[in-house]
file work03.txt (compact mmCIF, C-alpha atoms)
# COMPACT_ATOMS: atom_id res chain seq x y z
CA MET A 1181 0.00 0.00 0.00
CA SER A 1182 1.34 3.41 -0.96
CA ASP A 1183 2.02 5.76 1.94
CA VAL A 1184 1.92 8.83 -0.31
CA VAL A 1185 -1.14 10.15 -2.08
CA THR A 1186 0.04 11.14 -5.57
CA ASP A 1187 -1.23 14.28 -7.32
CA ASP A 1188 -3.07 12.27 -9.99
CA GLU A 1189 -5.03 10.15 -7.49
CA LEU A 1190 -8.80 10.18 -7.58
CA LEU A 1191 -10.47 10.72 -4.21
CA TYR A 1192 -14.06 9.91 -3.25
CA ARG A 1193 -16.21 11.87 -0.78
CA CYS A 1194 -19.61 10.75 0.50
CA ILE A 1195 -22.52 13.22 0.14
CA PHE A 1196 -25.26 12.13 2.52
CA CYS A 1197 -28.77 11.64 1.16
CA GLY A 1198 -31.46 13.65 2.91
CA SER A 1199 -29.04 16.39 3.92
CA GLY A 1200 -30.48 19.16 1.78
CA HIS A 1201 -27.88 21.58 3.08
CA TYR A 1202 -25.13 19.63 1.26
CA TYR A 1203 -26.14 20.91 -2.17
CA HIS A 1204 -28.38 23.52 -3.78
CA ILE A 1205 -29.99 23.78 -7.19
CA ARG A 1206 -29.29 27.24 -8.59
CA GLU A 1207 -30.09 28.80 -11.96
CA SER A 1208 -26.57 27.87 -13.03
CA GLY A 1209 -27.16 24.25 -11.95
CA LEU A 1210 -26.24 22.18 -8.95
CA GLU A 1211 -23.74 23.56 -6.45
CA LEU A 1212 -22.29 21.65 -3.54
CA SER A 1213 -22.25 23.50 -0.25
CA SER A 1214 -19.23 23.82 2.00
CA GLN A 1215 -21.32 21.73 4.44
CA ALA A 1216 -20.51 18.71 2.26
CA PHE A 1217 -16.91 19.00 3.50
CA THR A 1218 -17.43 19.88 7.14
CA ASP A 1219 -15.53 17.85 9.69
CA ARG A 1220 -15.35 18.24 13.45
CA ASN A 1221 -11.55 17.88 13.29
CA ASN A 1222 -11.19 20.21 10.30
CA ALA A 1223 -9.77 17.33 8.23
CA PRO A 1224 -12.40 16.01 5.79
CA SER A 1225 -12.23 12.29 5.10
CA VAL A 1226 -11.90 10.92 1.58
CA ASP A 1227 -11.22 7.49 0.13
CA ARG A 1228 -8.39 6.82 -2.30
CA ALA A 1229 -10.10 5.33 -5.35
CA LYS A 1230 -7.18 3.11 -6.36
CA LEU A 1231 -7.12 1.48 -2.92
CA CYS A 1232 -10.81 0.57 -3.02
CA GLY A 1233 -10.83 -0.90 -6.52
CA ASN A 1234 -12.01 2.37 -8.12
CA ASP A 1235 -15.45 1.53 -6.71
CA PRO A 1236 -17.24 4.59 -5.29
CA GLN A 1237 -19.69 2.30 -3.48
CA CYS A 1238 -16.94 1.69 -0.92
CA THR A 1239 -17.40 5.34 0.13
CA GLN A 1240 -21.19 5.27 0.52
CA LYS A 1241 -22.39 5.07 4.10
CA ASN A 1242 -25.85 3.91 2.93
CA PRO A 1243 -27.23 3.01 -0.52
CA ASN A 1244 -29.03 6.37 -0.94
CA ASP A 1245 -25.90 8.52 -0.45
CA GLY A 1246 -24.08 10.18 -3.30
CA VAL A 1247 -20.35 10.15 -3.97
CA VAL A 1248 -18.31 12.92 -5.61
CA SER A 1249 -14.69 12.83 -6.67
CA LEU A 1250 -11.72 15.15 -6.44
CA ILE A 1251 -8.17 14.99 -7.78
CA ALA A 1252 -5.48 15.10 -5.08
CA GLY A 1253 -3.28 17.57 -6.99
CA GLU A 1254 -6.18 20.03 -7.34
CA VAL A 1255 -6.86 19.78 -3.61
CA ARG A 1256 -3.19 20.58 -2.92
CA MET A 1257 -3.46 23.68 -5.12
CA ILE A 1258 -6.01 25.25 -2.76
CA ASN A 1259 -4.57 28.51 -1.54
CA VAL A 1260 -5.74 30.00 1.74
CA SER A 1261 -3.91 32.50 3.93
CA GLN A 1262 -3.97 33.31 7.60
CA ASN A 1263 -4.47 37.04 7.94
CA ASP A 1264 -3.63 39.34 10.80
CA GLN A 1265 -6.27 41.53 12.49
CA LYS A 1266 -5.90 44.16 9.76
CA GLY A 1267 -6.51 41.59 7.00
CA LYS A 1268 -2.89 41.40 5.88
CA PRO A 1269 -1.72 37.86 5.00
CA VAL A 1270 0.70 36.45 7.57
CA PHE A 1271 1.29 33.02 6.02
CA ASP A 1272 -0.25 30.52 3.61
CA TYR A 1273 -1.53 27.13 4.66
CA LYS A 1274 -0.29 24.08 2.80
CA ILE A 1275 -3.24 21.81 2.09
CA ASP A 1276 -2.38 18.14 1.70
CA VAL A 1277 -4.07 14.78 1.25
CA CYS A 1278 -2.62 12.44 3.86
CA PRO A 1279 -3.10 8.67 4.00
CA ARG A 1280 -4.88 7.72 7.23
CA PRO A 1281 -5.78 4.05 6.74
CA THR A 1282 -7.84 2.30 9.39
CA ASP A 1283 -8.40 -1.37 10.08
CA ASP A 1284 -11.87 -1.06 8.53
CA ASN A 1285 -10.84 1.19 5.65
CA PRO A 1286 -7.33 0.93 4.16
CA SER A 1287 -8.24 3.55 1.51
CA HIS A 1288 -9.04 6.27 4.09
CA ALA A 1289 -7.25 9.61 3.75
CA GLN A 1290 -7.79 13.10 5.13
CA ILE A 1291 -7.49 16.61 3.71
CA GLU A 1292 -5.26 18.37 6.25
CA PRO A 1293 -3.56 21.75 6.63
CA SER A 1294 -0.05 22.59 7.67
CA PRO A 1295 0.14 24.23 10.13
CA ASN A 1296 -3.19 23.49 11.85
CA TYR A 1297 -5.93 26.07 11.36
CA THR A 1298 -5.98 28.83 13.93
CA ASN A 1299 -9.73 29.47 13.53
CA LYS A 1300 -12.92 27.99 12.07
CA GLY A 1301 -13.17 30.73 9.42
CA THR A 1302 -10.03 29.55 7.67
CA PHE A 1303 -11.29 25.96 7.55
CA ARG A 1304 -14.62 27.22 6.18
CA LYS A 1305 -12.75 28.86 3.29
CA VAL A 1306 -11.04 25.55 2.50
CA ALA A 1307 -14.39 23.70 2.69
CA GLU A 1308 -15.87 26.26 0.26
CA LYS A 1309 -13.00 25.69 -2.16
CA LEU A 1310 -13.38 21.90 -1.88
CA ALA A 1311 -17.10 22.27 -2.64
CA ARG A 1312 -16.26 24.39 -5.69
CA LEU A 1313 -13.76 21.81 -6.96
CA ALA A 1314 -16.27 18.98 -6.51
CA THR A 1315 -19.05 21.02 -8.18
CA GLU A 1316 -16.81 21.69 -11.20
CA ARG A 1317 -15.98 18.00 -11.40
CA ILE A 1318 -19.69 17.05 -11.28
CA LYS A 1319 -20.37 19.47 -14.15
CA LYS A 1320 -17.54 17.92 -16.23
CA GLU A 1321 -17.61 14.26 -15.19
CA ASP A 1322 -20.96 13.87 -13.36
CA TRP A 1323 -21.40 12.24 -9.94
CA GLU A 1324 -19.55 9.06 -9.13
CA ILE A 1325 -22.86 8.02 -7.54
CA LYS A 1326 -25.85 10.37 -7.63
CA PRO A 1327 -27.75 10.70 -4.31
CA GLN A 1328 -31.25 9.25 -4.36
CA ASP A 1329 -32.92 12.49 -3.20
CA LEU A 1330 -31.46 14.61 -6.01
CA PRO A 1331 -34.15 15.69 -8.48
CA PRO A 1332 -33.67 14.41 -12.06
call {"tool": "encode", "arguments": {"input": "work03.txt", "output": "structure tokens"}}
result
Amino acid sequence: MSDVVTDDELLYRCIFCGSGHYYHIRESGLELSSQAFTDRNNAPSVDRAKLCGNDPQCTQKNPNDGVVSLIAGEVRMINVSQNDQKGKPVFDYKIDVCPRPTDDNPSHAQIEPSPNYTNKGTFRKVAEKLARLATERIKKEDWEIKPQDLPP
């Protein structure tokens, strides 16, 4: 098993069915919300497609959930700064995709910052950018698995 997530790796993220706050239908089409990437530890979980047989069903928590995909290199290109009280950038966070396999899920990885976020607002910006990346991918490639509650 690889201990490095390469830039070209496909990542899967579960979008829970029945959680209407995870996506919105706008005039421009479907948009994922930053809520789709929230995480109590500020490190959203993803699955490495190549380590789960390129089967997005391994990421579903229940059969009605949807699954979106991201590319690791695009996640790493997310740029977010920590600003001082006057709004001047102090430093940039490095966003990475780190392997975090578990006994139950050897394909598990997390999207993590370096250094750790100093406030929730900075993580929210990253979650918004992840939602934008996933929305763009849905528009180009479609869902890996479409959630059951999404209108046709």
call {"tool": "closest_residue", "arguments": {"input": "work03.txt", "among": "A:Lys1305, A:Ile1195, A:Val1185, A:Glu1321", "to": "Gly1246 (chain A)", "atoms": "all atoms listed in the file"}}
result
A:Ile1195
call {"tool": "closest_residue", "arguments": {"input": "work03.txt", "among": "A:Arg1220, A:Asp1227, A:Asp1188, A:Ser1214", "to": "Ser1287 (chain A)", "atoms": "only C-alpha atoms"}}
result
A:Asp1227
call {"tool": "atom_distance", "arguments": {"input": "work03.txt", "atom1": "CA of Ile1325 (chain A)", "atom2": "CA of Asp1183 (chain A)"}}
result
26.7 Å
call {"tool": "closest_residue", "arguments": {"input": "work03.txt", "among": "A:Asn1234, A:Thr1315, A:Ser1225, A:Ser1213", "to": "Val1277 (chain A)", "atoms": "only C-alpha atoms"}}
result
A:Ser1225
call {"tool": "closest_residue", "arguments": {"input": "work03.txt", "among": "A:Asn1299, A:Glu1308, A:Ser1294, A:Pro1327", "to": "Gln1215 (chain A)", "atoms": "all atoms listed in the file"}}
result
A:Glu1308
call {"tool": "residues_around", "arguments": {"input": "work03.txt", "residues": "Asn1259 (chain A)", "least_positions_apart": "6", "cutoff": "9 Å", "atoms": "only C-alpha atoms", "output": "list in words"}}
result
Asp1272, Tyr1273, Lys1274, Ile1275, Val1306 and Lys1309 of chain A
call {"tool": "atom_distance", "arguments": {"input": "work03.txt", "atom1": "CA of Pro1243 (chain A)", "atom2": "CA of Val1255 (chain A)"}}
result
26.6 Å
call {"tool": "atom_distance", "arguments": {"input": "work03.txt", "atom1": "CA of Phe1217 (chain A)", "atom2": "CA of Gly1233 (chain A)"}}
result
23.1 Å
call {"tool": "closest_residue", "arguments": {"input": "work03.txt", "among": "A:Leu1190, A:Glu1211, A:Glu1254, A:Pro1236", "to": "Lys1319 (chain A)", "atoms": "only C-alpha atoms"}}
result
A:Glu1211
call {"tool": "residues_around", "arguments": {"input": "work03.txt", "residues": "Cys1197 (chain A)", "least_positions_apart": "3", "cutoff": "8 Å", "atoms": "all atoms listed in the file", "output": "PDB file with C-alpha atoms, keeping the file's coordinate frame"}}
result
ATOM      1  CA  GLY A1200     -30.480  19.160   1.780  1.00  0.00           C
ATOM      2  CA  ASN A1244     -29.030   6.370  -0.940  1.00  0.00           C
ATOM      3  CA  ASP A1245     -25.900   8.520  -0.450  1.00  0.00           C
ATOM      4  CA  GLY A1246     -24.080  10.180  -3.300  1.00  0.00           C
ATOM      5  CA  PRO A1327     -27.750  10.700  -4.310  1.00  0.00           C
ATOM      6  CA  GLN A1328     -31.250   9.250  -4.360  1.00  0.00           C
ATOM      7  CA  ASP A1329     -32.920  12.490  -3.200  1.00  0.00           C
TER       8      ASP A1329
END
call {"tool": "residues_around", "arguments": {"input": "work03.txt", "residues": "Ile1291 (chain A)", "least_positions_apart": "5", "cutoff": "6 Å", "atoms": "only C-alpha atoms", "output": "list in words"}}
result
Ala1223, Pro1224, Asp1276 and Val1277 of chain A
call {"tool": "residues_near_point", "arguments": {"input": "work03.txt", "point": "(-13.5, 1.5, -5.8)", "cutoff": "12 Å", "atoms": "all atoms listed in the file", "output": "list in words"}}
result
Leu1190, Leu1191, Tyr1192, Arg1193, Asp1227, Arg1228, Ala1229, Lys1230, Leu1231, Cys1232, Gly1233, Asn1234, Asp1235, Pro1236, Gln1237, Cys1238, Thr1239, Gln1240, Val1247, Ser1249, Asn1285, Pro1286, Ser1287, His1288, Glu1324 and Ile1325 of chain A
call {"tool": "closest_residue", "arguments": {"input": "work03.txt", "among": "A:Cys1194, A:Ile1318, A:Leu1310, A:Ala1289", "to": "Lys1241 (chain A)", "atoms": "all atoms listed in the file"}}
result
A:Cys1194
call {"tool": "residues_around", "arguments": {"input": "work03.txt", "residues": "Gly1253 (chain A)", "least_positions_apart": "3", "cutoff": "7 Å", "atoms": "all atoms listed in the file", "output": "PyMOL selection string"}}
result
chain A and resi 1187-1188+1256-1257
call {"tool": "write_last_selection", "arguments": {"input": "work03.txt", "atoms": "C-alpha atoms", "output": "PDB file, keeping the file's coordinate frame"}}
result
ATOM      1  CA  ASP A1187      -1.230  14.280  -7.320  1.00  0.00           C
ATOM      2  CA  ASP A1188      -3.070  12.270  -9.990  1.00  0.00           C
ATOM      3  CA  ARG A1256      -3.190  20.580  -2.920  1.00  0.00           C
ATOM      4  CA  MET A1257      -3.460  23.680  -5.120  1.00  0.00           C
TER       5      MET A1257
END
call {"tool": "decode", "arguments": {"input": "work03.txt", "residues": "region 1218-1332 of chain A", "atoms": "C-alpha atoms", "output": "tab-separated table (two decimals), in the first residue's frame"}}
result
chain	number	residue	atom	x	y	z
A	1218	THR	CA	-17.43	19.88	7.14
A	1219	ASP	CA	-15.53	17.85	9.69
A	1220	ARG	CA	-15.35	18.24	13.45
A	1221	ASN	CA	-11.55	17.88	13.29
A	1222	ASN	CA	-11.19	20.21	10.30
A	1223	ALA	CA	-9.77	17.33	8.23
A	1224	PRO	CA	-12.40	16.01	5.79
A	1225	SER	CA	-12.23	12.29	5.10
A	1226	VAL	CA	-11.90	10.92	1.58
A	1227	ASP	CA	-11.22	7.49	0.13
A	1228	ARG	CA	-8.39	6.82	-2.30
A	1229	ALA	CA	-10.10	5.33	-5.35
A	1230	LYS	CA	-7.18	3.11	-6.36
A	1231	LEU	CA	-7.12	1.48	-2.92
A	1232	CYS	CA	-10.81	0.57	-3.02
A	1233	GLY	CA	-10.83	-0.90	-6.52
A	1234	ASN	CA	-12.01	2.37	-8.12
A	1235	ASP	CA	-15.45	1.53	-6.71
A	1236	PRO	CA	-17.24	4.59	-5.29
A	1237	GLN	CA	-19.69	2.30	-3.48
A	1238	CYS	CA	-16.94	1.69	-0.92
A	1239	THR	CA	-17.40	5.34	0.13
A	1240	GLN	CA	-21.19	5.27	0.52
A	1241	LYS	CA	-22.39	5.07	4.10
A	1242	ASN	CA	-25.85	3.91	2.93
A	1243	PRO	CA	-27.23	3.01	-0.52
A	1244	ASN	CA	-29.03	6.37	-0.94
A	1245	ASP	CA	-25.90	8.52	-0.45
A	1246	GLY	CA	-24.08	10.18	-3.30
A	1247	VAL	CA	-20.35	10.15	-3.97
A	1248	VAL	CA	-18.31	12.92	-5.61
A	1249	SER	CA	-14.69	12.83	-6.67
A	1250	LEU	CA	-11.72	15.15	-6.44
A	1251	ILE	CA	-8.17	14.99	-7.78
A	1252	ALA	CA	-5.48	15.10	-5.08
A	1253	GLY	CA	-3.28	17.57	-6.99
A	1254	GLU	CA	-6.18	20.03	-7.34
A	1255	VAL	CA	-6.86	19.78	-3.61
A	1256	ARG	CA	-3.19	20.58	-2.92
A	1257	MET	CA	-3.46	23.68	-5.12
A	1258	ILE	CA	-6.01	25.25	-2.76
A	1259	ASN	CA	-4.57	28.51	-1.54
A	1260	VAL	CA	-5.74	30.00	1.74
A	1261	SER	CA	-3.91	32.50	3.93
A	1262	GLN	CA	-3.97	33.31	7.60
A	1263	ASN	CA	-4.47	37.04	7.94
A	1264	ASP	CA	-3.63	39.34	10.80
A	1265	GLN	CA	-6.27	41.53	12.49
A	1266	LYS	CA	-5.90	44.16	9.76
A	1267	GLY	CA	-6.51	41.59	7.00
A	1268	LYS	CA	-2.89	41.40	5.88
A	1269	PRO	CA	-1.72	37.86	5.00
A	1270	VAL	CA	0.70	36.45	7.57
A	1271	PHE	CA	1.29	33.02	6.02
A	1272	ASP	CA	-0.25	30.52	3.61
A	1273	TYR	CA	-1.53	27.13	4.66
A	1274	LYS	CA	-0.29	24.08	2.80
A	1275	ILE	CA	-3.24	21.81	2.09
A	1276	ASP	CA	-2.38	18.14	1.70
A	1277	VAL	CA	-4.07	14.78	1.25
A	1278	CYS	CA	-2.62	12.44	3.86
A	1279	PRO	CA	-3.10	8.67	4.00
A	1280	ARG	CA	-4.88	7.72	7.23
A	1281	PRO	CA	-5.78	4.05	6.74
A	1282	THR	CA	-7.84	2.30	9.39
A	1283	ASP	CA	-8.40	-1.37	10.08
A	1284	ASP	CA	-11.87	-1.06	8.53
A	1285	ASN	CA	-10.84	1.19	5.65
A	1286	PRO	CA	-7.33	0.93	4.16
A	1287	SER	CA	-8.24	3.55	1.51
A	1288	HIS	CA	-9.04	6.27	4.09
A	1289	ALA	CA	-7.25	9.61	3.75
A	1290	GLN	CA	-7.79	13.10	5.13
A	1291	ILE	CA	-7.49	16.61	3.71
A	1292	GLU	CA	-5.26	18.37	6.25
A	1293	PRO	CA	-3.56	21.75	6.63
A	1294	SER	CA	-0.05	22.59	7.67
A	1295	PRO	CA	0.14	24.23	10.13
A	1296	ASN	CA	-3.19	23.49	11.85
A	1297	TYR	CA	-5.93	26.07	11.36
A	1298	THR	CA	-5.98	28.83	13.93
A	1299	ASN	CA	-9.73	29.47	13.53
A	1300	LYS	CA	-12.92	27.99	12.07
A	1301	GLY	CA	-13.17	30.73	9.42
A	1302	THR	CA	-10.03	29.55	7.67
A	1303	PHE	CA	-11.29	25.96	7.55
A	1304	ARG	CA	-14.62	27.22	6.18
A	1305	LYS	CA	-12.75	28.86	3.29
A	1306	VAL	CA	-11.04	25.55	2.50
A	1307	ALA	CA	-14.39	23.70	2.69
A	1308	GLU	CA	-15.87	26.26	0.26
A	1309	LYS	CA	-13.00	25.69	-2.16
A	1310	LEU	CA	-13.38	21.90	-1.88
A	1311	ALA	CA	-17.10	22.27	-2.64
A	1312	ARG	CA	-16.26	24.39	-5.69
A	1313	LEU	CA	-13.76	21.81	-6.96
A	1314	ALA	CA	-16.27	18.98	-6.51
A	1315	THR	CA	-19.05	21.02	-8.18
A	1316	GLU	CA	-16.81	21.69	-11.20
A	1317	ARG	CA	-15.98	18.00	-11.40
A	1318	ILE	CA	-19.69	17.05	-11.28
A	1319	LYS	CA	-20.37	19.47	-14.15
A	1320	LYS	CA	-17.54	17.92	-16.23
A	1321	GLU	CA	-17.61	14.26	-15.19
A	1322	ASP	CA	-20.96	13.87	-13.36
A	1323	TRP	CA	-21.40	12.24	-9.94
A	1324	GLU	CA	-19.55	9.06	-9.13
A	1325	ILE	CA	-22.86	8.02	-7.54
A	1326	LYS	CA	-25.85	10.37	-7.63
A	1327	PRO	CA	-27.75	10.70	-4.31
A	1328	GLN	CA	-31.25	9.25	-4.36
A	1329	ASP	CA	-32.92	12.49	-3.20
A	1330	LEU	CA	-31.46	14.61	-6.01
A	1331	PRO	CA	-34.15	15.69	-8.48
A	1332	PRO	CA	-33.67	14.41	-12.06
